[in-house]
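K.L.:
So that you have it, the file is upload.txt, and it contains compact mmCIF, C-alpha atoms:
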```
# COMPACT_ATOMS: atom_id res chain seq x y z
CA THR A 1 -18.49 -10.99 18.24
CA VAL A 2 -16.54 -13.54 16.18
CA LYS A 3 -16.75 -17.33 16.30
CA LEU A 4 -13.44 -19.03 15.56
CA ARG A 5 -12.90 -22.25 13.61
CA PRO A 6 -12.21 -25.17 15.99
CA GLY A 7 -9.22 -27.47 15.67
CA VAL A 8 -6.79 -24.93 14.24
CA ARG A 9 -3.22 -24.71 15.49
CA PHE A 10 -0.32 -22.42 14.76
CA HIS A 11 2.73 -23.98 13.14
CA ASP A 12 4.47 -24.30 16.52
CA GLY A 13 1.55 -26.27 17.97
CA THR A 14 0.04 -23.34 19.90
CA PRO A 15 -3.78 -23.45 19.72
CA PHE A 16 -5.54 -20.84 17.63
CA ASN A 17 -8.20 -19.60 20.02
CA ALA A 18 -9.73 -16.45 21.48
CA ALA A 19 -6.78 -15.91 23.80
CA ALA A 20 -4.45 -15.97 20.78
CA VAL A 21 -6.56 -13.38 18.99
CA LYS A 22 -6.52 -11.14 22.05
CA ALA A 23 -2.74 -11.53 22.44
CA ASN A 24 -2.26 -10.39 18.83
CA MET A 25 -4.57 -7.43 19.20
CA ASP A 26 -3.04 -6.37 22.51
CA ARG A 27 0.29 -6.21 20.69
CA PHE A 28 -1.09 -3.34 18.59
CA PHE A 29 -1.61 -1.25 21.71
CA THR A 30 1.44 -2.04 23.81
CA GLY A 31 5.07 -2.97 23.44
CA ASP A 32 6.71 -3.50 20.06
CA LYS A 33 3.98 -2.24 17.74
CA PRO A 34 4.02 -3.72 14.21
CA LEU A 35 3.50 -1.69 11.05
CA ARG A 36 0.05 -0.27 10.25
CA THR A 37 -0.91 -0.41 13.92
CA SER A 38 -3.01 2.75 13.47
CA ILE A 39 -5.58 0.76 11.47
CA TRP A 40 -6.52 -0.94 14.74
CA THR A 41 -5.78 1.65 17.41
CA SER A 42 -8.06 4.15 15.71
CA SER A 43 -11.07 1.82 15.70
CA VAL A 44 -10.72 -0.80 18.45
CA ASP A 45 -11.09 0.02 22.15
CA ARG A 46 -10.36 -3.47 23.47
CA VAL A 47 -10.65 -7.19 22.72
CA GLU A 48 -12.37 -9.62 25.09
CA VAL A 49 -12.21 -13.39 25.39
CA VAL A 50 -15.80 -14.71 25.67
CA ASP A 51 -14.89 -18.39 25.65
CA GLU A 52 -12.30 -20.68 24.04
CA LEU A 53 -13.54 -20.06 20.48
CA THR A 54 -15.39 -16.75 20.81
CA VAL A 55 -13.78 -13.31 20.78
CA ARG A 56 -15.45 -9.91 21.11
CA PHE A 57 -14.09 -6.73 19.53
CA VAL A 58 -15.29 -3.65 21.40
CA THR A 59 -14.91 -0.81 18.91
CA LYS A 60 -14.75 2.93 19.54
CA GLY A 61 -17.81 3.31 17.33
CA VAL A 62 -19.63 1.89 14.35
CA ASN A 63 -17.20 0.84 11.63
CA ALA A 64 -18.73 -0.24 8.33
CA PHE A 65 -15.34 -1.51 7.13
CA PHE A 66 -14.49 -3.62 10.16
CA LEU A 67 -14.74 -6.98 8.39
CA THR A 68 -12.49 -5.60 5.66
CA LYS A 69 -9.94 -4.63 8.30
CA ILE A 70 -9.98 -8.12 9.80
CA ALA A 71 -9.23 -9.56 6.36
CA ASP A 72 -6.42 -7.06 5.70
CA SER A 73 -2.81 -8.20 6.00
CA SER A 74 -2.43 -6.02 9.11
CA GLY A 75 -4.91 -8.37 10.78
CA TYR A 76 -2.94 -11.56 10.15
CA LEU A 77 -2.47 -13.46 13.38
CA VAL A 78 0.69 -15.14 14.63
CA SER A 79 1.45 -17.52 17.48
CA PRO A 80 1.42 -15.78 20.88
CA ASP A 81 4.30 -18.02 21.91
CA ALA A 82 6.27 -16.80 18.89
CA ILE A 83 5.58 -13.17 19.86
CA LYS A 84 7.13 -13.85 23.27
CA LYS A 85 9.99 -15.94 21.89
CA TYR A 86 11.17 -13.78 19.00
CA GLY A 87 10.14 -10.25 19.95
CA LYS A 88 11.44 -7.79 17.35
CA ASP A 89 12.72 -10.70 15.25
CA LEU A 90 9.20 -12.08 14.78
CA SER A 91 9.08 -10.95 11.13
CA LYS A 92 12.11 -13.17 10.46
CA ASN A 93 10.48 -16.17 12.15
CA ALA A 94 6.90 -16.22 10.92
CA VAL A 95 4.56 -18.61 12.75
CA GLY A 96 1.05 -18.55 11.30
CA THR A 97 -1.70 -21.13 10.69
CA GLY A 98 -1.62 -21.45 6.89
CA PRO A 99 -1.08 -24.37 4.50
CA PHE A 100 2.65 -23.57 4.29
CA LYS A 101 4.99 -22.92 7.17
CA PHE A 102 8.20 -20.95 7.38
CA SER A 103 11.40 -22.90 6.85
CA GLU A 104 14.25 -20.57 5.90
CA TRP A 105 15.02 -16.98 4.92
CA VAL A 106 18.37 -15.87 3.54
CA LYS A 107 18.32 -12.11 3.02
CA ASP A 108 18.47 -11.02 -0.63
CA GLU A 109 18.66 -14.66 -1.72
CA ARG A 110 15.71 -16.91 -0.89
CA PHE A 111 12.67 -17.60 1.27
CA VAL A 112 11.61 -21.23 1.79
CA ALA A 113 8.22 -22.48 2.93
CA VAL A 114 7.27 -26.14 3.44
CA ARG A 115 3.89 -27.84 3.48
CA ASN A 116 2.03 -27.77 6.79
CA ASP A 117 0.79 -31.34 7.13
CA ASP A 118 -1.28 -30.32 10.15
CA TYR A 119 -3.22 -27.67 8.21
CA TRP A 120 -6.91 -27.67 9.09
CA GLY A 121 -8.08 -27.48 5.45
CA ASP A 122 -7.08 -29.14 2.18
CA LYS A 123 -3.35 -29.84 2.23
CA ALA A 124 -1.07 -28.04 -0.20
CA TYR A 125 -0.10 -29.88 -3.40
CA LEU A 126 3.54 -28.87 -3.10
CA ASP A 127 6.06 -30.18 -0.57
CA LYS A 128 8.05 -26.96 -0.67
CA VAL A 129 8.12 -23.51 -2.26
CA VAL A 130 11.35 -21.57 -2.74
CA ILE A 131 10.94 -17.85 -3.42
CA ARG A 132 14.11 -16.41 -4.87
CA ALA A 133 15.15 -12.76 -4.88
CA MET A 134 15.66 -11.72 -8.52
CA PRO A 135 15.37 -7.93 -8.77
CA GLU A 136 15.81 -7.72 -12.54
CA ALA A 137 12.71 -8.58 -14.58
CA GLY A 138 14.90 -9.69 -17.49
CA SER A 139 16.68 -12.21 -15.29
CA ARG A 140 13.35 -13.54 -14.03
CA LEU A 141 12.16 -14.07 -17.60
CA ILE A 142 15.33 -15.96 -18.60
CA ALA A 143 15.01 -18.16 -15.51
CA LEU A 144 11.38 -18.88 -16.40
CA GLU A 145 12.17 -19.75 -20.01
CA SER A 146 15.01 -22.06 -18.98
CA GLY A 147 12.86 -23.90 -16.45
CA ASP A 148 15.04 -22.73 -13.57
CA VAL A 149 11.92 -21.24 -11.97
CA GLN A 150 8.25 -22.07 -12.54
CA LEU A 151 6.52 -18.82 -11.57
CA VAL A 152 7.54 -15.17 -11.79
CA ILE A 153 5.81 -11.90 -10.91
CA ARG A 154 5.95 -8.28 -12.14
CA MET A 155 7.20 -8.89 -15.64
CA ASN A 156 8.08 -5.96 -17.86
CA PRO A 157 5.11 -5.17 -20.13
CA GLU A 158 7.40 -5.15 -23.17
CA ASP A 159 8.15 -8.85 -22.52
CA LEU A 160 4.51 -9.98 -22.65
CA ALA A 161 4.54 -10.56 -26.43
CA ARG A 162 7.64 -12.74 -26.08
CA ILE A 163 6.01 -14.77 -23.32
CA ARG A 164 2.81 -15.24 -25.35
CA GLN A 165 4.81 -16.71 -28.23
CA ASN A 166 6.17 -19.47 -25.97
CA PRO A 167 3.66 -22.38 -25.82
CA ALA A 168 5.28 -23.62 -22.61
CA LEU A 169 4.38 -20.44 -20.73
CA ALA A 170 1.11 -18.89 -19.58
CA ILE A 171 0.29 -15.36 -18.41
CA SER A 172 -2.10 -14.25 -15.69
CA LEU A 173 -3.12 -10.59 -15.92
CA ARG A 174 -5.27 -9.38 -13.04
CA PRO A 175 -6.50 -6.04 -11.70
CA THR A 176 -4.92 -4.89 -8.46
CA THR A 177 -5.54 -2.16 -5.93
CA ARG A 178 -1.83 -1.30 -6.00
CA HIS A 179 -1.51 2.29 -7.14
CA LEU A 180 1.45 4.60 -7.59
CA ARG A 181 1.58 8.33 -7.00
CA VAL A 182 4.09 11.08 -6.34
CA SER A 183 3.38 12.55 -2.93
CA MET A 184 4.44 15.93 -1.58
CA VAL A 185 5.04 17.36 1.87
CA THR A 186 2.25 19.91 1.84
CA LEU A 187 3.60 21.68 4.93
CA LYS A 188 6.56 22.91 2.85
CA LYS A 189 6.64 25.53 0.14
CA PRO A 190 5.84 25.41 -2.72
CA PHE A 191 3.64 22.37 -2.04
CA SER A 192 1.62 24.15 0.62
CA ASP A 193 -0.12 26.02 -2.25
CA ILE A 194 -2.98 24.03 -3.78
CA ARG A 195 -2.38 25.77 -7.12
CA VAL A 196 1.10 24.27 -7.27
CA ARG A 197 -0.16 20.79 -6.45
CA GLN A 198 -2.91 20.99 -9.05
CA ALA A 199 -0.42 22.38 -11.60
CA LEU A 200 1.79 19.33 -11.15
CA ASN A 201 -1.20 17.07 -11.80
CA TYR A 202 -2.04 18.92 -15.01
CA ALA A 203 1.61 18.84 -16.09
CA VAL A 204 2.08 15.05 -16.09
CA ASP A 205 0.97 13.16 -19.20
CA LYS A 206 -0.47 10.07 -17.52
CA GLU A 207 -2.10 8.70 -20.65
CA ALA A 208 1.33 8.63 -22.31
CA ILE A 209 2.75 6.85 -19.25
CA VAL A 210 0.07 4.16 -19.47
CA LYS A 211 0.56 3.74 -23.22
CA ASN A 212 4.33 4.01 -23.55
CA LEU A 213 5.67 2.84 -20.20
CA TYR A 214 3.11 0.23 -19.11
CA LEU A 215 1.88 -0.72 -22.61
CA ASP A 216 -1.75 -0.46 -21.46
CA THR A 217 -1.28 -2.81 -18.49
CA ALA A 218 -2.10 0.09 -16.13
CA ASP A 219 -4.91 2.63 -15.77
CA VAL A 220 -4.77 6.36 -15.12
CA MET A 221 -5.73 7.28 -11.55
CA GLY A 222 -8.06 10.19 -10.86
CA GLY A 223 -7.56 10.31 -7.11
CA ALA A 224 -6.54 8.50 -3.93
CA VAL A 225 -8.72 5.40 -4.27
CA PRO A 226 -7.99 2.62 -6.79
CA PRO A 227 -10.63 0.59 -8.63
CA GLY A 228 -11.44 -2.57 -6.72
CA ALA A 229 -11.40 -0.92 -3.31
CA LEU A 230 -14.70 -1.08 -1.42
CA GLY A 231 -16.54 2.22 -1.95
CA TYR A 232 -14.51 3.23 -5.02
CA VAL A 233 -16.11 5.84 -7.26
CA PRO A 234 -14.56 6.83 -10.61
CA VAL A 235 -13.12 10.35 -10.40
CA PRO A 236 -12.14 12.05 -13.67
CA PRO A 237 -8.34 12.29 -13.83
CA TYR A 238 -6.59 15.60 -14.35
CA PRO A 239 -6.28 16.08 -18.12
CA TYR A 240 -2.84 16.69 -19.57
CA ASP A 241 -2.75 20.49 -19.86
CA PRO A 242 0.76 22.02 -19.69
CA ALA A 243 -0.59 25.50 -20.44
CA LYS A 244 -2.94 25.37 -17.47
CA ALA A 245 -0.11 24.03 -15.33
CA ARG A 246 2.14 26.95 -16.24
CA GLN A 247 -0.67 29.42 -15.54
CA LEU A 248 -1.36 27.93 -12.10
CA LEU A 249 2.35 28.03 -11.26
CA ALA A 250 2.51 31.67 -12.31
CA ASP A 251 -0.60 32.50 -10.25
CA ALA A 252 1.09 30.85 -7.25
CA GLY A 253 4.19 33.00 -7.71
CA TYR A 254 6.36 30.51 -9.60
CA PRO A 255 6.34 31.76 -13.23
CA ASN A 256 9.78 30.23 -13.74
CA GLY A 257 8.97 27.02 -11.90
CA PHE A 258 11.07 25.68 -9.03
CA THR A 259 13.47 22.86 -8.15
CA ALA A 260 12.65 19.91 -5.90
CA THR A 261 13.97 16.45 -5.02
CA LEU A 262 11.93 13.31 -5.75
CA THR A 263 12.96 10.32 -3.63
CA GLY A 264 12.18 6.84 -4.90
CA SER A 265 13.24 3.27 -5.38
CA LYS A 266 14.52 1.33 -8.39
CA GLY A 267 13.11 -2.13 -8.95
CA ALA A 268 10.94 -2.43 -5.85
CA LEU A 269 7.76 -1.60 -7.76
CA LEU A 270 6.91 -2.17 -11.42
CA LYS A 271 8.69 0.44 -13.58
CA ASP A 272 9.21 2.65 -10.52
CA PHE A 273 12.42 4.33 -11.71
CA GLU A 274 11.14 4.79 -15.25
CA LEU A 275 7.93 6.25 -13.83
CA GLN A 276 9.91 8.83 -11.88
CA GLN A 277 11.82 9.73 -15.03
CA ALA A 278 8.56 10.17 -16.94
CA VAL A 279 7.26 12.52 -14.23
CA GLN A 280 10.58 14.37 -14.30
CA GLN A 281 10.32 14.92 -18.05
CA SER A 282 6.71 16.12 -17.91
CA LEU A 283 7.44 18.59 -15.13
CA LYS A 284 10.54 19.92 -16.90
CA ALA A 285 8.29 21.03 -19.75
CA VAL A 286 6.50 23.47 -17.39
CA GLY A 287 9.70 24.77 -15.79
CA VAL A 288 9.83 22.49 -12.74
CA THR A 289 13.21 20.84 -12.25
CA ILE A 290 13.09 17.49 -10.47
CA ASN A 291 16.22 15.84 -9.07
CA ILE A 292 15.65 12.11 -8.63
CA GLN A 293 17.18 10.61 -5.50
CA THR A 294 17.27 6.81 -5.72
CA VAL A 295 17.52 4.89 -2.45
CA GLU A 296 17.12 1.27 -1.37
CA PHE A 297 13.47 0.41 -0.77
CA ALA A 298 14.09 -0.19 2.94
CA LYS A 299 15.63 3.29 3.18
CA GLN A 300 12.71 4.80 1.32
CA LEU A 301 10.27 3.22 3.78
CA GLU A 302 12.37 4.63 6.64
CA LEU A 303 12.18 8.12 5.12
CA ILE A 304 8.44 7.88 4.49
CA ARG A 305 7.87 7.05 8.16
CA GLN A 306 9.20 10.43 9.29
CA ASP A 307 6.97 12.99 10.99
CA PRO A 308 5.87 15.39 8.21
CA ARG A 309 6.67 18.34 10.48
CA LYS A 310 10.29 17.22 10.64
CA THR A 311 10.80 15.18 7.47
CA SER A 312 13.71 15.67 5.09
CA LEU A 313 11.52 14.67 2.14
CA GLU A 314 10.05 17.03 -0.44
CA MET A 315 8.50 14.62 -2.95
CA TRP A 316 8.55 10.82 -3.06
CA LEU A 317 7.18 7.94 -5.09
CA GLY A 318 4.34 6.58 -3.01
CA SER A 319 2.41 3.34 -3.23
CA TRP A 320 -0.76 2.03 -1.62
CA LEU A 321 -2.44 -1.37 -1.63
CA GLY A 322 -5.68 -1.78 0.27
CA ASP A 323 -9.30 -2.74 0.38
CA ASP A 324 -11.56 0.20 1.18
CA ALA A 325 -11.96 3.82 0.10
CA SER A 326 -12.14 5.31 3.58
CA THR A 327 -8.82 3.78 4.65
CA ALA A 328 -7.16 4.86 1.40
CA ILE A 329 -8.06 8.46 2.24
CA THR A 330 -7.78 8.62 6.02
CA ASP A 331 -4.60 6.58 6.42
CA LEU A 332 -2.62 8.85 4.11
CA TYR A 333 -4.33 12.23 4.35
CA ALA A 334 -6.36 12.60 7.57
CA CYS A 335 -5.51 15.47 9.94
CA ASP A 336 -5.17 13.09 12.90
CA LYS A 337 -2.94 10.57 11.07
CA PHE A 338 0.34 12.50 10.92
CA ARG A 339 3.20 10.08 11.39
CA PRO A 340 4.16 8.47 13.67
CA LYS A 341 0.52 8.19 14.82
CA GLY A 342 -0.70 7.22 11.36
CA SER A 343 0.56 7.03 7.77
CA ASN A 344 0.19 10.70 6.78
CA THR A 345 3.68 11.69 5.63
CA ALA A 346 2.38 14.53 3.46
CA GLY A 347 1.29 16.58 6.45
CA PHE A 348 -1.94 17.22 4.57
CA CYS A 349 -5.06 18.30 6.44
CA ASP A 350 -8.54 19.20 5.21
CA GLN A 351 -11.16 19.00 7.94
CA LYS A 352 -14.00 18.79 5.43
CA LEU A 353 -12.34 15.73 3.87
CA ASP A 354 -11.94 14.14 7.29
CA ASP A 355 -15.60 14.75 8.10
CA LEU A 356 -16.72 13.01 4.90
CA ALA A 357 -14.37 10.03 5.21
CA TYR A 358 -14.97 9.40 8.90
CA GLN A 359 -18.74 9.87 8.54
CA ALA A 360 -18.65 7.17 5.86
CA VAL A 361 -17.00 4.78 8.31
CA VAL A 362 -19.89 5.05 10.76
CA THR A 363 -22.62 4.89 8.11
CA THR A 364 -24.03 1.39 7.64
CA ASP A 365 -26.52 2.36 4.93
CA ASP A 366 -24.73 1.46 1.69
CA ALA A 367 -26.25 4.21 -0.45
CA LYS A 368 -25.58 6.95 2.09
CA ARG A 369 -22.06 5.70 2.76
CA ASN A 370 -21.19 5.53 -0.93
CA ALA A 371 -22.48 9.09 -1.42
CA LEU A 372 -20.18 10.32 1.35
CA LEU A 373 -17.27 8.39 -0.12
CA LYS A 374 -17.93 9.84 -3.56
CA ASP A 375 -17.78 13.38 -2.17
CA ALA A 376 -14.60 12.51 -0.28
CA GLN A 377 -12.92 11.07 -3.36
CA VAL A 378 -13.79 14.10 -5.47
CA LEU A 379 -12.50 16.45 -2.76
CA VAL A 380 -9.18 14.69 -2.18
CA SER A 381 -8.61 14.61 -5.93
CA GLN A 382 -9.14 18.38 -6.08
CA ASP A 383 -6.98 18.97 -2.99
CA ALA A 384 -4.19 17.15 -4.86
CA PRO A 385 -1.85 16.21 -1.97
CA SER A 386 -0.28 13.84 -4.50
CA ILE A 387 0.24 13.63 -8.23
CA TRP A 388 -2.22 10.86 -9.04
CA LEU A 389 -0.55 8.48 -11.48
CA VAL A 390 -1.46 4.83 -12.25
```
Go through the file and emit its structure as structure tokens.

P.N.:
Amino acid sequence: TVKLRPGVRFHDGTPFNAAAVKANMDRFFTGDKPLRTSIWTSSVDRVEVVDELTVRFVTKGVNAFFLTKIADSSGYLVSPDAIKKYGKDLSKNAVGTGPFKFSEWVKDERFVAVRNDDYWGDKAYLDKVVIRAMPEAGSRLIALESGDVQLVIRMNPEDLARIRQNPALAISLRPTTRHLRVSMVTLKKPFSDIRVRQALNYAVDKEAIVKNLYLDTADVMGGAVPPGALGYVPVPPYPYDPAKARQLLADAGYPNGFTATLTGSKGALLKDFELQQAVQQSLKAVGVTINIQTVEFAKQLELIRQDPRKTSLEMWLGSWLGDDASTAITDLYACDKFRPKGSNTAGFCDQKLDDLAYQAVVTTDDAKRNALLKDAQVLVSQDAPSIWLV
């Protein structure tokens, strides 16, 4: 049961109340379902209005991560009137409750937000924020140095020294739960063989990627859960061992390797194309030929959303950003989360892994839950449905 803050209104004047919360949640179960709907449909049975400022979530069972889910971006609430008014175009006409409100969006050019003078909390310092689309990191840096823009994100690591030498500029380096991996459709050969998947993990020199590509602004991943996620446990990464990789490939019946296509973006994520090239080079050394297929990020997302039993993908550059260990595992690898029901594009299924991850969700004792999550993280790392990267 959740008490709502009084006196809050959406940007269009609609009151933020229990009815608005219910309208948003009902949208996950009927009609035009937004992305990541499965986060809610798997755990919530229904939502009830208790009174004007009280809402009750009736869950399908105990969920130790429920508050984390509410705080996740998939739980952001929008005006019920806007849902009715804009329908499928809602994402192009955002109507929230925050300190800034939507003003303008010109595709591939700019997004404009203006101060919400009716905001319930401290008012924003800025009258307006213009977010410009500048895909090239080099162009962003030049614009920053010239004063054309005041804030940029995702700078190339090799530019950090140059930025530090400029007294007019400042850098913020922060940990993130964003992690990158190369995923595989485990329903297809050769990726259906765990020895092949483990071989690919041994074959990629991740330490070299961190040192040479990211200049130590990244960390090697040992499994599916990034540091910073609730319930994270350090899992030793696969060591770089080309000899072991070749032996595992031979044991699986691929002594001469194989050829596969890796689908990914260029510029959507930090060093994404260069990362794919680094993986390609590492795998070539053990006889595996990777053809890189570069597509627009929107197209890549479209491909990733295919049913793994029908998908055209073989391998793809995957990314995850989230808050808890159980979701990191179940969303992407649970047996009951094959797309389109969930986010499992790999078609991976290990019932023992599911048992551990889902048992953790319903365990409210921190020590017991963390023990289950540790076992789950070790197991998914060993199952290797992805090449764990950075």

K.L.:
From the options A:Leu389, A:Leu372, A:Leu144, A:Val149, which residue's atoms come nearest to Ile163 (chain A), counting all atoms listed in the file?

P.N.:
A:Leu144

K.L.:
Between CA of Asn201 (chain A) and CA of Ala260 (chain A), measure the distance and give it in Å to one decimal.

P.N.:
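Answer for the CA of Asn201 (chain A) to CA of Ala260 (chain A) separation: 15.3 Å.
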
K.L.:
Can you write out as CSV which residues of region 265-349 of chain A fall within 12 Å of region 356-362 of chain A, alongside each residue's closest atom pair and its distance in Å to one decimal, counting only C-alpha atoms and ordering rows by chain and ascending residue number?

P.N.:
```
residue,atom,partner,partner_atom,distance
A:Asp324,CA,A:Val361,CA,10.1
A:Ala325,CA,A:Ala357,CA,8.4
A:Ser326,CA,A:Ala357,CA,5.5
A:Thr327,CA,A:Ala357,CA,8.4
A:Ala328,CA,A:Ala357,CA,9.7
A:Ile329,CA,A:Ala357,CA,7.1
A:Thr330,CA,A:Ala357,CA,6.8
A:Asp331,CA,A:Ala357,CA,10.4
A:Leu332,CA,A:Ala357,CA,11.9
A:Tyr333,CA,A:Ala357,CA,10.3
A:Ala334,CA,A:Ala357,CA,8.7
A:Cys335,CA,A:Tyr358,CA,11.3
A:Asp336,CA,A:Tyr358,CA,11.2
```

K.L.:
With C-alpha atoms retained, write the just-selected residues as a PDB file, in the coordinates of the input.

P.N.:
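Just written: selection_33.pdb:
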```
ATOM      1  CA  ASP A 324     -11.560   0.200   1.180  1.00  0.00           C
ATOM      2  CA  ALA A 325     -11.960   3.820   0.100  1.00  0.00           C
ATOM      3  CA  SER A 326     -12.140   5.310   3.580  1.00  0.00           C
ATOM      4  CA  THR A 327      -8.820   3.780   4.650  1.00  0.00           C
ATOM      5  CA  ALA A 328      -7.160   4.860   1.400  1.00  0.00           C
ATOM      6  CA  ILE A 329      -8.060   8.460   2.240  1.00  0.00           C
ATOM      7  CA  THR A 330      -7.780   8.620   6.020  1.00  0.00           C
ATOM      8  CA  ASP A 331      -4.600   6.580   6.420  1.00  0.00           C
ATOM      9  CA  LEU A 332      -2.620   8.850   4.110  1.00  0.00           C
ATOM     10  CA  TYR A 333      -4.330  12.230   4.350  1.00  0.00           C
ATOM     11  CA  ALA A 334      -6.360  12.600   7.570  1.00  0.00           C
ATOM     12  CA  CYS A 335      -5.510  15.470   9.940  1.00  0.00           C
ATOM     13  CA  ASP A 336      -5.170  13.090  12.900  1.00  0.00           C
TER      14      ASP A 336
END
```

K.L.:
One decimal, in Å: what's the spacing between CA of Leu213 (chain A) and CA of Asp272 (chain A)?

P.N.:
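Here the two named atoms are 10.3 Å from each other.
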
K.L.:
Mind pulling up the distance from CA of Gly222 (chain A) to CA of Val235 (chain A)?

P.N.:
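About the pair CA of Val235 (chain A) and CA of Gly222 (chain A): they are 5.1 Å apart.
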
K.L.:
Env of region 264-271 of chain A: 7 Å cut, atoms = all atoms listed in the file, seq-sep filter 6 positions within chain, self excluded. Answer as a ChimeraX atom specification.

P.N.:
/A:135,154,293-297,300,316-317

K.L.:
List the spatial neighbours of Arg195 (chain A) as a PDB file with C-alpha atoms, in the coordinates of the input - criterion: any atom at most 10 Å away, all atoms listed in the file, same-chain residues fewer than 4 positions off excluded.

P.N.:
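Generated output (selection.pdb):
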```
ATOM      1  CA  PRO A 190       5.840  25.410  -2.720  1.00  0.00           C
ATOM      2  CA  PHE A 191       3.640  22.370  -2.040  1.00  0.00           C
ATOM      3  CA  ALA A 199      -0.420  22.380 -11.600  1.00  0.00           C
ATOM      4  CA  LEU A 200       1.790  19.330 -11.150  1.00  0.00           C
ATOM      5  CA  ASN A 201      -1.200  17.070 -11.800  1.00  0.00           C
ATOM      6  CA  ALA A 245      -0.110  24.030 -15.330  1.00  0.00           C
ATOM      7  CA  GLN A 247      -0.670  29.420 -15.540  1.00  0.00           C
ATOM      8  CA  LEU A 248      -1.360  27.930 -12.100  1.00  0.00           C
ATOM      9  CA  LEU A 249       2.350  28.030 -11.260  1.00  0.00           C
ATOM     10  CA  ALA A 250       2.510  31.670 -12.310  1.00  0.00           C
ATOM     11  CA  ASP A 251      -0.600  32.500 -10.250  1.00  0.00           C
ATOM     12  CA  ALA A 252       1.090  30.850  -7.250  1.00  0.00           C
ATOM     13  CA  GLY A 253       4.190  33.000  -7.710  1.00  0.00           C
ATOM     14  CA  ASP A 383      -6.980  18.970  -2.990  1.00  0.00           C
ATOM     15  CA  ALA A 384      -4.190  17.150  -4.860  1.00  0.00           C
TER      16      ALA A 384
END
```

K.L.:
Hey, which of A:Thr176, A:Asn17, A:Thr1, A:Ser146 ends up closest to Val58 (chain A)? Count all atoms listed in the file.

P.N.:
A:Thr1

K.L.:
When you count all atoms listed in the file, which of these residues is closest to Val286 (chain A): A:Val196, A:Leu262, A:Ala346, A:Ala71?

P.N.:
A:Val196

K.L.:
Within 7 Å of Ser79 (chain A), counting all atoms listed in the file, which residues qualify if same-chain residues fewer than 3 places away don't, as a PyMOL selection string?

P.N.:
chain A and resi 10+14+20+82-83+95-96

K.L.:
So that I can check the surroundings of Asp159 (chain A), please list as a PyMOL selection string every protein, DNA and RNA residue that reaches within 10 Å of it, counting only C-alpha atoms and ignoring chain neighbours fewer than 3 positions away.

P.N.:
chain A and resi 137-138+141+155-156+162-164

K.L.:
Just checking: using all atoms listed in the file, which residue out of A:Val390, A:Phe102, A:Thr363, A:Ile171 ends up closest to Asn63 (chain A)?

P.N.:
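Checking each candidate against Asn63 (chain A), we get A:Thr363 as the closest.
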
K.L.:
Counting all atoms listed in the file, what is within 10 Å of region 45-47 of chain A, bar same-chain residues fewer than 3 positions away, as number ranges by chain?

P.N.:
A: 1, 18-19, 21-26, 29, 40-42, 50, 55-61

K.L.:
Store the residues picked out above, limited to C-alpha atoms, as an mmCIF file, keeping the file's coordinate frame.

P.N.:
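Printed below is out.cif as written:
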```cif
data_model
loop_
_atom_site.group_PDB
_atom_site.id
_atom_site.type_symbol
_atom_site.label_atom_id
_atom_site.label_comp_id
_atom_site.auth_asym_id
_atom_site.auth_seq_id
_atom_site.Cartn_x
_atom_site.Cartn_y
_atom_site.Cartn_z
ATOM 1 C CA THR A 1 -18.490 -10.990 18.240
ATOM 2 C CA ALA A 18 -9.730 -16.450 21.480
ATOM 3 C CA ALA A 19 -6.780 -15.910 23.800
ATOM 4 C CA VAL A 21 -6.560 -13.380 18.990
ATOM 5 C CA LYS A 22 -6.520 -11.140 22.050
ATOM 6 C CA ALA A 23 -2.740 -11.530 22.440
ATOM 7 C CA ASN A 24 -2.260 -10.390 18.830
ATOM 8 C CA MET A 25 -4.570 -7.430 19.200
ATOM 9 C CA ASP A 26 -3.040 -6.370 22.510
ATOM 10 C CA PHE A 29 -1.610 -1.250 21.710
ATOM 11 C CA TRP A 40 -6.520 -0.940 14.740
ATOM 12 C CA THR A 41 -5.780 1.650 17.410
ATOM 13 C CA SER A 42 -8.060 4.150 15.710
ATOM 14 C CA VAL A 50 -15.800 -14.710 25.670
ATOM 15 C CA VAL A 55 -13.780 -13.310 20.780
ATOM 16 C CA ARG A 56 -15.450 -9.910 21.110
ATOM 17 C CA PHE A 57 -14.090 -6.730 19.530
ATOM 18 C CA VAL A 58 -15.290 -3.650 21.400
ATOM 19 C CA THR A 59 -14.910 -0.810 18.910
ATOM 20 C CA LYS A 60 -14.750 2.930 19.540
ATOM 21 C CA GLY A 61 -17.810 3.310 17.330
#
```

K.L.:
Go through A:Trp388, A:Lys368, A:Gln198, A:Pro167 one by one, measure the shortest atom-to-atom distance of each to Val220 (chain A) using only C-alpha atoms, and give the residue with the smallest value.

P.N.:
A:Trp388

K.L.:
At most 12 Å from (-7.3, -23.2, 16.1), file frame, only C-alpha atoms: which residues, as number ranges by chain?

P.N.:
A: 3-21, 52-54, 77-79, 96-98, 118-121

K.L.:
For a quick check of your reading of the model, name the residues lying within 7 Å of the coordinate (1.1, 15.9, 7.3), counting only C-alpha atoms, and write them as a PyMOL selection string.

P.N.:
chain A and resi 185-187+308-309+338+344-349

K.L.:
Give the answer as one residue: which of A:Leu275, A:Asn370, A:Phe258, A:Pro340 has the shortest atom-to-atom distance to Lys310 (chain A), using all atoms listed in the file?

P.N.:
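Smallest distance to Lys310 (chain A) is found for A:Pro340.
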
K.L.:
Grab all the atoms of region 255-258 of chain A that the file lists, wrap them in a box along x, y and z, add 4 Å per side, and give me centre plus edge lengths in Å (one decimal) as JSON.

P.N.:
```
{"center_x": 8.7, "center_y": 28.7, "center_z": -11.4, "size_x": 12.7, "size_y": 14.1, "size_z": 12.7}
```
